[in-house]
file protein05.txt (compact mmCIF, C-alpha atoms)
# COMPACT_ATOMS: atom_id res chain seq x y z
CA MET A 1 -13.26 154.60 2.97
CA ALA A 2 -14.81 156.71 0.22
CA ALA A 3 -18.18 155.00 0.67
CA ALA A 4 -18.10 155.70 4.41
CA ALA A 5 -17.25 159.34 3.77
CA GLY A 6 -20.09 159.62 1.29
CA LEU A 7 -22.53 158.12 3.78
CA ALA A 8 -21.40 160.48 6.54
CA SER A 9 -21.74 163.43 4.17
CA ALA A 10 -25.27 162.41 3.17
CA LEU A 11 -26.31 162.09 6.81
CA ALA A 12 -24.97 165.53 7.68
CA GLU A 13 -27.94 167.32 6.12
CA VAL A 14 -31.39 165.80 6.60
CA ALA A 15 -33.45 168.96 7.17
CA SER A 16 -34.23 169.71 3.51
CA PRO A 17 -36.19 167.53 1.04
CA ALA A 18 -33.07 167.17 -1.15
CA GLY A 19 -30.99 166.25 1.89
CA ARG A 20 -33.49 163.65 3.04
CA LEU A 21 -33.57 162.07 -0.41
CA ALA A 22 -29.79 161.95 -0.59
CA ALA A 23 -29.59 160.40 2.87
CA CYS A 24 -32.25 157.82 2.05
CA ARG A 25 -30.39 156.79 -1.08
CA ALA A 26 -27.04 156.55 0.68
CA VAL A 27 -28.36 154.61 3.65
CA THR A 28 -30.32 152.21 1.45
CA ASP A 29 -27.21 151.51 -0.62
CA HIS A 30 -25.23 150.95 2.57
CA VAL A 31 -27.73 148.48 4.05
CA TYR A 32 -28.72 146.52 0.96
CA GLY A 33 -25.80 147.15 -1.37
CA PRO A 34 -25.68 149.47 -4.40
CA CYS A 35 -27.06 148.39 -7.74
CA THR A 36 -25.78 149.59 -11.10
CA PRO A 37 -28.53 150.38 -13.65
CA GLY A 38 -28.71 147.58 -16.16
CA GLN A 39 -27.28 145.06 -13.69
CA THR A 40 -30.42 144.42 -11.65
CA SER A 41 -30.79 140.82 -12.82
CA SER A 42 -27.65 139.87 -10.89
CA TRP A 43 -28.21 142.11 -7.85
CA ARG A 44 -28.98 140.47 -4.50
CA PRO A 45 -29.59 142.28 -1.20
CA LEU A 46 -26.79 142.06 1.33
CA ALA A 47 -27.41 139.71 4.23
CA TYR A 48 -27.77 141.19 7.71
CA ALA A 49 -24.80 140.65 9.99
CA ASP A 50 -26.73 139.83 13.16
CA ASN A 51 -29.68 137.86 11.82
CA LYS A 52 -30.38 134.79 9.75
CA SER A 53 -29.81 136.56 6.42
CA ARG A 54 -33.20 138.33 6.26
CA TYR A 55 -35.53 139.93 8.81
CA LEU A 56 -39.21 140.30 7.95
CA TRP A 57 -40.05 143.62 9.65
CA THR A 58 -36.94 145.36 8.36
CA ASP A 59 -37.32 144.05 4.83
CA ALA A 60 -40.98 145.10 4.67
CA PHE A 61 -39.81 148.65 5.27
CA GLY A 62 -36.97 148.02 2.83
CA VAL A 63 -39.40 147.16 0.03
CA CYS A 64 -41.42 150.28 0.83
CA ASN A 65 -38.26 152.41 0.78
CA PHE A 66 -37.22 151.08 -2.62
CA LEU A 67 -40.66 151.90 -4.02
CA THR A 68 -40.56 155.38 -2.53
CA LEU A 69 -37.14 155.97 -4.04
CA ALA A 70 -38.38 154.76 -7.42
CA ALA A 71 -41.29 157.22 -7.26
CA GLU A 72 -39.16 160.11 -6.00
CA THR A 73 -36.29 159.71 -8.45
CA GLY A 74 -37.90 158.06 -11.48
CA GLU A 75 -35.13 155.46 -11.38
CA ARG A 76 -36.68 152.08 -12.10
CA THR A 77 -33.63 150.25 -10.77
CA TYR A 78 -35.17 150.71 -7.33
CA MET A 79 -38.29 148.82 -8.44
CA ASP A 80 -36.15 145.91 -9.55
CA GLN A 81 -34.32 145.96 -6.22
CA ALA A 82 -37.67 145.79 -4.43
CA ASP A 83 -38.52 142.75 -6.53
CA ALA A 84 -35.20 141.09 -5.73
CA LEU A 85 -35.69 141.76 -2.01
CA ILE A 86 -39.17 140.21 -2.13
CA THR A 87 -37.75 137.10 -3.77
CA ALA A 88 -34.95 136.89 -1.19
CA VAL A 89 -37.43 137.12 1.69
CA HIS A 90 -39.71 134.46 0.25
CA ASP A 91 -36.77 132.17 -0.48
CA THR A 92 -35.35 132.62 3.03
CA LEU A 93 -38.13 133.35 5.51
CA GLY A 94 -40.64 131.30 3.55
CA ARG A 95 -38.47 128.25 4.20
CA THR A 96 -37.42 126.27 7.25
CA ARG A 97 -34.34 127.56 9.02
CA ASP A 98 -32.15 124.98 7.31
CA GLY A 99 -33.48 126.16 3.93
CA LYS A 100 -34.39 122.64 2.86
CA GLN A 101 -38.11 123.12 2.30
CA ARG A 102 -40.78 125.78 2.04
CA LEU A 103 -43.14 126.32 4.93
CA GLY A 104 -46.50 124.58 4.91
CA THR A 105 -48.05 124.24 1.48
CA ALA A 106 -46.05 127.08 -0.07
CA THR A 107 -44.57 126.67 -3.54
CA GLN A 108 -42.34 128.78 -5.75
CA GLU A 109 -45.46 130.11 -7.49
CA GLU A 110 -47.31 130.68 -4.21
CA PRO A 111 -44.49 131.34 -1.74
CA THR A 112 -46.51 132.72 1.18
CA ARG A 113 -48.97 129.89 1.80
CA GLY A 114 -46.98 128.66 4.80
CA GLY A 115 -46.56 132.04 6.43
CA LEU A 116 -43.17 133.72 6.89
CA ARG A 117 -40.62 133.39 9.66
CA ILE A 118 -39.55 136.39 11.71
CA GLY A 119 -35.87 135.85 10.88
CA LYS A 120 -34.53 135.73 14.45
CA ALA A 121 -30.90 134.74 14.92
CA HIS A 122 -31.91 132.17 17.54
CA PRO A 123 -34.02 129.05 16.88
CA GLU A 124 -37.38 128.28 18.44
CA GLY A 125 -37.15 127.48 22.12
CA HIS A 126 -34.81 130.39 22.84
CA PRO A 127 -36.41 133.32 24.77
CA ASP A 128 -35.85 135.46 21.67
CA GLY A 129 -36.23 132.63 19.18
CA ASP A 130 -37.73 132.40 15.73
CA GLY A 131 -41.42 131.96 14.95
CA GLN A 132 -44.06 134.08 13.27
CA TYR A 133 -45.24 137.50 14.49
CA PHE A 134 -48.62 138.74 13.34
CA HIS A 135 -47.53 142.38 13.08
CA TYR A 136 -44.55 141.35 10.95
CA VAL A 137 -46.76 139.31 8.64
CA THR A 138 -49.15 142.22 8.14
CA LYS A 139 -46.27 144.61 7.51
CA TRP A 140 -45.02 142.28 4.79
CA ALA A 141 -48.53 141.97 3.35
CA PHE A 142 -48.68 145.77 3.20
CA ALA A 143 -45.34 145.90 1.35
CA LEU A 144 -46.58 143.32 -1.17
CA ASN A 145 -49.76 145.33 -1.63
CA ARG A 146 -47.79 148.51 -2.37
CA MET A 147 -45.65 146.54 -4.84
CA SER A 148 -48.81 145.36 -6.58
CA LEU A 149 -49.88 148.96 -7.11
CA ALA A 150 -46.43 150.06 -8.22
CA ARG A 151 -46.00 147.23 -10.71
CA GLY A 152 -49.63 147.13 -11.78
CA GLN A 153 -49.53 143.36 -11.27
CA ASP A 154 -52.03 141.35 -9.26
CA LYS A 155 -49.66 138.61 -8.15
CA TYR A 156 -48.13 140.58 -5.29
CA ASN A 157 -51.49 141.39 -3.74
CA ARG A 158 -52.54 137.78 -4.33
CA TRP A 159 -49.46 136.62 -2.42
CA ALA A 160 -50.44 138.99 0.41
CA VAL A 161 -53.98 137.59 0.49
CA GLN A 162 -52.65 134.03 0.48
CA LEU A 163 -50.33 134.95 3.34
CA VAL A 164 -53.25 136.21 5.41
CA GLU A 165 -55.38 133.19 4.54
CA ALA A 166 -52.55 130.95 5.70
CA VAL A 167 -51.78 132.57 9.05
CA HIS A 168 -55.11 134.00 10.19
CA PRO A 169 -56.62 130.74 11.51
CA HIS A 170 -53.49 130.15 13.58
CA PHE A 171 -53.18 133.64 15.06
CA VAL A 172 -56.91 134.06 15.74
CA HIS A 173 -58.70 131.66 18.06
CA GLY A 174 -62.46 131.75 18.13
CA SER A 175 -62.56 132.87 14.50
CA GLY A 176 -66.12 133.33 13.27
CA GLY A 177 -67.46 133.69 16.81
CA GLN A 178 -68.54 136.77 18.69
CA ALA A 179 -65.41 137.10 20.83
CA PRO A 180 -62.30 136.11 18.85
CA ARG A 181 -58.87 136.61 20.41
CA MET A 182 -55.33 136.61 19.06
CA TRP A 183 -51.93 135.16 19.79
CA TRP A 184 -49.04 137.60 19.47
CA LYS A 185 -46.49 135.00 18.28
CA ILE A 186 -46.85 131.48 16.94
CA SER A 187 -44.44 128.70 16.06
CA VAL A 188 -42.75 128.56 12.66
CA ASP A 189 -45.01 125.70 11.57
CA MET A 190 -48.06 127.58 12.96
CA SER A 191 -49.06 124.58 15.07
CA GLN A 192 -49.12 126.36 18.44
CA PRO A 193 -48.88 129.77 20.08
CA ALA A 194 -45.42 130.81 21.21
CA VAL A 195 -46.70 133.81 23.20
CA PRO A 196 -50.30 133.23 24.36
CA SER A 197 -51.31 136.87 24.58
CA GLU A 198 -52.60 139.52 22.17
CA GLY A 199 -50.47 142.32 20.75
CA ASN A 200 -51.70 145.79 21.63
CA LEU A 201 -52.28 146.77 17.99
CA ASP A 202 -52.69 143.40 16.28
CA PRO A 203 -56.46 143.64 15.62
CA PHE A 204 -56.06 147.19 14.24
CA ASP A 205 -53.14 146.02 12.13
CA GLY A 206 -55.22 143.18 10.75
CA LEU A 207 -58.27 145.30 10.02
CA VAL A 208 -56.38 148.00 8.12
CA THR A 209 -54.17 145.60 6.18
CA TYR A 210 -56.95 143.18 5.28
CA ARG A 211 -59.15 145.99 3.98
CA LEU A 212 -56.32 147.33 1.83
CA LEU A 213 -55.80 143.89 0.31
CA ARG A 214 -59.52 143.48 -0.32
CA ASP A 215 -59.85 146.89 -1.92
CA THR A 216 -56.87 146.26 -4.20
CA ALA A 217 -58.34 142.89 -5.19
CA GLY A 218 -61.60 144.66 -6.07
CA ASP A 219 -63.67 141.81 -4.66
CA ALA A 220 -65.82 142.25 -1.56
CA ALA A 221 -65.61 138.51 -0.88
CA VAL A 222 -61.83 138.60 -0.41
CA LEU A 223 -60.96 138.04 3.29
CA ARG A 224 -64.58 138.65 4.29
CA ARG A 225 -64.49 136.27 7.26
CA GLU A 226 -61.07 137.47 8.37
CA ILE A 227 -62.13 141.12 8.21
CA ALA A 228 -65.23 140.33 10.28
CA ASP A 229 -63.01 138.84 12.99
CA MET A 230 -60.87 141.96 13.07
CA GLU A 231 -63.87 144.26 13.15
CA ARG A 232 -65.19 142.47 16.24
CA MET A 233 -61.85 142.69 18.02
CA VAL A 234 -61.31 146.35 17.16
CA GLU A 235 -64.80 147.21 18.36
CA ARG A 236 -64.08 145.44 21.64
CA LYS A 237 -60.69 147.01 22.11
CA TYR A 238 -60.41 150.53 20.73
CA ARG A 239 -62.03 152.41 23.63
CA ARG A 240 -59.36 151.00 25.95
CA TYR A 241 -56.36 151.64 23.73
CA ASP A 242 -53.43 152.92 25.75
CA SER A 243 -49.66 152.99 25.35
CA ASP A 244 -46.53 154.86 26.38
CA ASP A 245 -44.29 153.29 23.74
CA PRO A 246 -43.24 155.65 20.93
CA LEU A 247 -43.20 152.86 18.33
CA ASP A 248 -46.64 151.60 19.35
CA LEU A 249 -48.08 155.11 19.39
CA GLY A 250 -46.59 155.95 16.00
CA GLU A 251 -47.89 152.71 14.52
CA ALA A 252 -51.31 153.51 15.97
CA LEU A 253 -51.27 156.86 14.16
CA TRP A 254 -50.13 155.18 10.95
CA LEU A 255 -52.86 152.55 11.10
CA SER A 256 -55.54 155.07 12.03
CA HIS A 257 -54.74 157.45 9.20
CA TRP A 258 -56.01 154.84 6.70
CA ALA A 259 -59.43 154.93 8.36
CA LEU A 260 -59.85 158.64 9.09
CA PRO A 261 -62.13 160.53 9.22
CA ASP A 262 -65.02 158.07 9.02
CA GLN A 263 -64.19 155.30 11.49
CA PRO A 264 -64.88 156.05 15.20
CA TRP A 265 -62.09 153.70 16.29
CA ALA A 266 -59.57 155.64 14.18
CA GLN A 267 -60.69 158.97 15.62
CA ALA A 268 -60.38 157.69 19.19
CA VAL A 269 -57.03 155.93 18.72
CA THR A 270 -55.57 158.94 16.91
CA GLN A 271 -56.49 161.32 19.71
CA ARG A 272 -55.25 159.01 22.45
CA SER A 273 -51.97 158.48 20.61
CA LEU A 274 -51.38 162.17 20.00
CA ASP A 275 -52.17 162.99 23.63
CA ALA A 276 -49.74 160.32 24.83
CA LEU A 277 -46.99 161.53 22.51
CA GLU A 278 -47.45 165.10 23.71
CA GLY A 279 -46.99 163.79 27.23
CA LEU A 280 -43.80 161.97 26.26
CA TRP A 281 -42.44 165.08 24.57
CA ALA A 282 -43.32 167.37 27.49
CA GLY A 283 -41.82 164.86 29.92
CA GLY A 284 -38.46 164.89 28.16
CA TYR A 285 -38.54 161.34 26.78
CA PHE A 286 -37.24 162.44 23.37
CA ARG A 287 -34.42 164.44 24.96
CA ALA A 288 -33.07 161.72 27.25
CA PRO A 289 -29.47 160.45 26.78
CA GLU A 290 -29.04 158.01 23.91
CA ARG A 291 -28.44 155.02 26.21
CA TYR A 292 -32.05 155.25 27.46
CA ARG A 293 -33.62 155.35 23.99
CA LEU A 294 -34.08 153.17 20.90
CA ALA A 295 -33.92 155.02 17.62
CA PHE A 296 -36.14 152.67 15.63
CA ARG A 297 -38.92 153.02 18.20
CA GLU A 298 -38.76 156.79 17.86
CA PHE A 299 -38.95 156.43 14.08
CA GLY A 300 -42.34 154.85 14.65
CA THR A 301 -43.38 158.18 16.16
CA THR A 302 -41.73 160.36 13.53
CA LEU A 303 -43.35 158.40 10.71
CA GLY A 304 -46.76 158.31 12.40
CA VAL A 305 -47.02 162.04 13.09
CA GLN A 306 -45.99 162.81 9.51
CA VAL A 307 -48.83 160.82 7.96
CA SER A 308 -51.48 161.72 10.54
CA PRO A 309 -53.65 164.63 9.38
CA GLN A 310 -54.40 165.51 12.99
CA ALA A 311 -50.85 165.83 14.31
CA ALA A 312 -50.02 169.29 15.62
CA PRO A 313 -47.80 171.51 13.39
CA ALA A 314 -45.20 171.53 16.17
CA TRP A 315 -44.32 167.96 15.24
CA GLN A 316 -42.79 169.10 11.95
CA GLN A 317 -39.91 170.78 13.74
CA ARG A 318 -39.69 168.01 16.32
CA VAL A 319 -39.38 165.39 13.59
CA THR A 320 -36.54 167.33 11.97
CA ARG A 321 -34.73 167.59 15.31
CA LEU A 322 -35.06 163.85 15.90
CA HIS A 323 -33.87 163.05 12.39
CA GLN A 324 -30.85 165.30 12.85
CA TYR A 325 -30.03 163.75 16.22
CA TRP A 326 -30.30 160.14 15.15
CA ALA A 327 -28.51 160.72 11.84
CA GLN A 328 -25.35 161.11 13.93
CA HIS A 329 -26.01 157.90 15.92
CA LEU A 330 -27.62 155.79 13.23
CA PHE A 331 -25.46 152.67 13.41
CA THR A 332 -24.82 152.61 17.16
CA ARG A 333 -27.24 149.75 17.91
CA ASP A 334 -27.49 147.84 14.63
CA THR A 335 -26.93 148.10 10.90
CA ASP A 336 -30.37 147.12 9.62
CA ILE A 337 -33.65 147.81 11.43
CA THR A 338 -32.60 151.27 12.66
CA PRO A 339 -31.23 152.69 9.38
CA VAL A 340 -34.03 151.14 7.31
CA MET A 341 -36.74 152.61 9.53
CA PHE A 342 -34.84 155.90 9.50
CA CYS A 343 -35.25 156.01 5.72
CA ALA A 344 -38.98 155.28 6.00
CA SER A 345 -39.29 158.21 8.40
CA LEU A 346 -37.17 160.55 6.27
CA ILE A 347 -39.56 160.02 3.34
CA PRO A 348 -42.76 158.18 4.38
CA GLY A 349 -43.73 157.92 0.71
CA VAL A 350 -45.68 154.73 0.07
CA CYS A 351 -46.52 154.47 3.78
CA ASN A 352 -48.81 157.49 3.35
CA ARG A 353 -52.29 156.97 1.94
CA GLU A 354 -51.95 160.28 0.06
CA TYR A 355 -49.10 158.76 -1.95
CA GLU A 356 -51.22 156.18 -3.72
CA ASP A 357 -51.68 158.12 -6.96
CA LYS A 358 -47.93 158.59 -7.22
CA LEU A 359 -47.46 154.90 -6.59
CA ARG A 360 -49.92 153.95 -9.31
CA GLY A 361 -48.08 156.37 -11.56
CA LEU A 362 -45.09 154.03 -11.44
CA ALA A 363 -47.18 151.29 -12.99
CA ALA A 364 -48.56 153.67 -15.63
CA SER A 365 -45.09 154.92 -16.59
CA SER A 366 -43.82 151.34 -16.79
CA ALA A 367 -46.65 150.32 -19.09
CA GLY A 368 -46.02 153.38 -21.24
CA SER A 369 -42.32 152.58 -21.62
CA GLU A 370 -42.83 149.00 -22.78
CA PRO A 371 -42.34 148.36 -26.52

call {"tool": "encode", "arguments": {"input": "protein05.txt", "output": "structure tokens"}}
result
Amino acid sequence: MAAAAGLASALAEVASPAGRLAACRAVTDHVYGPCTPGQTSSWRPLAYADNKSRYLWTDAFGVCNFLTLAAETGERTYMDQADALITAVHDTLGRTRDGKQRLGTATQEEPTRGGLRIGKAHPEGHPDGDGQYFHYVTKWAFALNRMSLARGQDKYNRWAVQLVEAVHPHFVHGSGGQAPRMWWKISVDMSQPAVPSEGNLDPFDGLVTYRLLRDTAGDAAVLRREIADMERMVERKYRRYDSDDPLDLGEALWLSHWALPDQPWAQAVTQRSLDALEGLWAGGYFRAPERYRLAFREFGTTLGVQVSPQAAPAWQQRVTRLHQYWAQHLFTRDTDITPVMFCASLIPGVCNREYEDKLRGLAASSAGSEP
């Protein structure tokens, strides 16, 4: 009862920086379970009620949120929780659904070499069954990359590179040619496509993520072939980018902000996304009754406009209004993906390219504190 009252109190004030930080801390504790400083070695993230223990998209944001909290508060317990969450994901989604063996050629030392399952509640064969999503894989690779910077350790980025090397040939058909294409979803064992069509943002997702991994590795040869595939697909696709989905449009802004101002595709996609979001706002989409909306999709928008340097100033007030609205309806639909994405929107932190120095500062402070 006291914990519920504390959560409700924290969610009552999300307009100020202090209020957003307090809400992010409270919600993260509620979703993953609190951790007492000095007890991190025994801490394990709570399992999700409606999924198969872990869910890749949600936990990628969860890792990012823990790192943001570590940077914002100086409390290194959050770093250790991020580490524990990474281990839990690899030990759950990096294994078959029965948990008996790791996927593909993955090992304990190289846990991503078989890809990572989505974490769906239903098995393959169900209309909403398990498999591997490309945009989930890249989101996890991004989280590992941010962890590599925060810890100052190469292994996390290496795991991300190995993950991409494992899944890319199975998501991309025609790799190395002039007109590669992608599958949106593949089977758990990566042997066949589960949805034989291309995600709207998948090539952009791949290009941005792969380049981040390469740059962190400091080796131009890393993912060279894979990046070339993505460059061809983005070049083919960006002039036709179109969406009316607030999550897709927000993700487009987030992806583009890593490539602004130099990349023509990023300039075009940013402008199209902002124009579309203005249309949604003017048309009343963000003021419709709750039953017609999905909070986590709107958090894609609120995160994207916060990191985009080209978003209109009016979005600052709009974001606050949306945060305040959804803070009072946060657990209506679910108890994981919505509150976790809410935290990422409250404090974009490591999801913002401008945050990188602060992220690297975590690694520097850690090195300085070691005996």

call {"tool": "residues_around", "arguments": {"input": "protein05.txt", "residues": "segment 124-132 of chain A", "least_positions_apart": "5", "cutoff": "8 Å", "atoms": "all atoms listed in the file", "output": "ChimeraX atom specification"}}
result
/A:115-119,137,185-190,194

call {"tool": "residues_around", "arguments": {"input": "protein05.txt", "residues": "Pro37 of chain A", "least_positions_apart": "2", "cutoff": "12 Å", "atoms": "all atoms listed in the file", "output": "ChimeraX atom specification"}}
result
/A:34-35,39-43,75-81

call {"tool": "atom_distance", "arguments": {"input": "protein05.txt", "atom1": "atom CA of Ala295 of chain A", "atom2": "atom CA of Ala84 of chain A"}}
result
27.2 Å

call {"tool": "closest_residue", "arguments": {"input": "protein05.txt", "among": "A:Val161, A:Trp326, A:Leu11, A:Arg151", "to": "Asp219 of chain A", "atoms": "only C-alpha atoms"}}
result
A:Val161

call {"tool": "residues_around", "arguments": {"input": "protein05.txt", "residues": "Glu165 of chain A", "least_positions_apart": "4", "cutoff": "9 Å", "atoms": "all atoms listed in the file", "output": "list in words"}}
result
Arg113, Ala160, Val161, Pro169, Leu223 and Glu226 of chain A

call {"tool": "write_last_selection", "arguments": {"input": "protein05.txt", "atoms": "C-alpha atoms", "output": "PDB file, keeping the file's coordinate frame"}}
result
ATOM      1  CA  ARG A 113     -48.970 129.890   1.800  1.00  0.00           C
ATOM      2  CA  ALA A 160     -50.440 138.990   0.410  1.00  0.00           C
ATOM      3  CA  VAL A 161     -53.980 137.590   0.490  1.00  0.00           C
ATOM      4  CA  PRO A 169     -56.620 130.740  11.510  1.00  0.00           C
ATOM      5  CA  LEU A 223     -60.960 138.040   3.290  1.00  0.00           C
ATOM      6  CA  GLU A 226     -61.070 137.470   8.370  1.00  0.00           C
TER       7      GLU A 226
END

call {"tool": "closest_residue", "arguments": {"input": "protein05.txt", "among": "A:Val222, A:Val89, A:Leu280, A:Ile347", "to": "Arg44 of chain A", "atoms": "all atoms listed in the file"}}
result
A:Val89

call {"tool": "atom_distance", "arguments": {"input": "protein05.txt", "atom1": "atom CA of Ala344 of chain A", "atom2": "atom CA of Tyr325 of chain A"}}
result
16.0 Å

call {"tool": "closest_residue", "arguments": {"input": "protein05.txt", "among": "A:Arg272, A:Arg158, A:His323, A:His90", "to": "Tyr238 of chain A", "atoms": "all atoms listed in the file"}}
result
A:Arg272

call {"tool": "residues_around", "arguments": {"input": "protein05.txt", "residues": "His257 of chain A", "least_positions_apart": "3", "cutoff": "7 Å", "atoms": "all atoms listed in the file", "output": "number ranges by chain"}}
result
A: 253-254, 260, 307-308

call {"tool": "closest_residue", "arguments": {"input": "protein05.txt", "among": "A:Arg211, A:Pro261, A:Ser365, A:Thr73", "to": "Ala18 of chain A", "atoms": "all atoms listed in the file"}}
result
A:Thr73

call {"tool": "atom_distance", "arguments": {"input": "protein05.txt", "atom1": "atom CA of Val167 of chain A", "atom2": "atom CA of Trp140 of chain A"}}
result
12.6 Å

call {"tool": "residues_near_point", "arguments": {"input": "protein05.txt", "point": "(-40.9, 155.6, -0.3)", "cutoff": "8 Å", "atoms": "only C-alpha atoms", "output": "PyMOL selection string"}}
result
chain A and resi 64-72+344+347-351

call {"tool": "write_last_selection", "arguments": {"input": "protein05.txt", "atoms": "C-alpha atoms", "output": "PDB file, in the coordinates of the input"}}
result
ATOM      1  CA  CYS A  64     -41.420 150.280   0.830  1.00  0.00           C
ATOM      2  CA  ASN A  65     -38.260 152.410   0.780  1.00  0.00           C
ATOM      3  CA  PHE A  66     -37.220 151.080  -2.620  1.00  0.00           C
ATOM      4  CA  LEU A  67     -40.660 151.900  -4.020  1.00  0.00           C
ATOM      5  CA  THR A  68     -40.560 155.380  -2.530  1.00  0.00           C
ATOM      6  CA  LEU A  69     -37.140 155.970  -4.040  1.00  0.00           C
ATOM      7  CA  ALA A  70     -38.380 154.760  -7.420  1.00  0.00           C
ATOM      8  CA  ALA A  71     -41.290 157.220  -7.260  1.00  0.00           C
ATOM      9  CA  GLU A  72     -39.160 160.110  -6.000  1.00  0.00           C
ATOM     10  CA  ALA A 344     -38.980 155.280   6.000  1.00  0.00           C
ATOM     11  CA  ILE A 347     -39.560 160.020   3.340  1.00  0.00           C
ATOM     12  CA  PRO A 348     -42.760 158.180   4.380  1.00  0.00           C
ATOM     13  CA  GLY A 349     -43.730 157.920   0.710  1.00  0.00           C
ATOM     14  CA  VAL A 350     -45.680 154.730   0.070  1.00  0.00           C
ATOM     15  CA  CYS A 351     -46.520 154.470   3.780  1.00  0.00           C
TER      16      CYS A 351
END

call {"tool": "closest_residue", "arguments": {"input": "protein05.txt", "among": "A:Pro339, A:Gly19, A:Gly284, A:Pro246", "to": "Val31 of chain A", "atoms": "only C-alpha atoms"}}
result
A:Pro339

call {"tool": "closest_residue", "arguments": {"input": "protein05.txt", "among": "A:Ser191, A:Trp265, A:Ala15, A:Arg181", "to": "Met233 of chain A", "atoms": "only C-alpha atoms"}}
result
A:Arg181
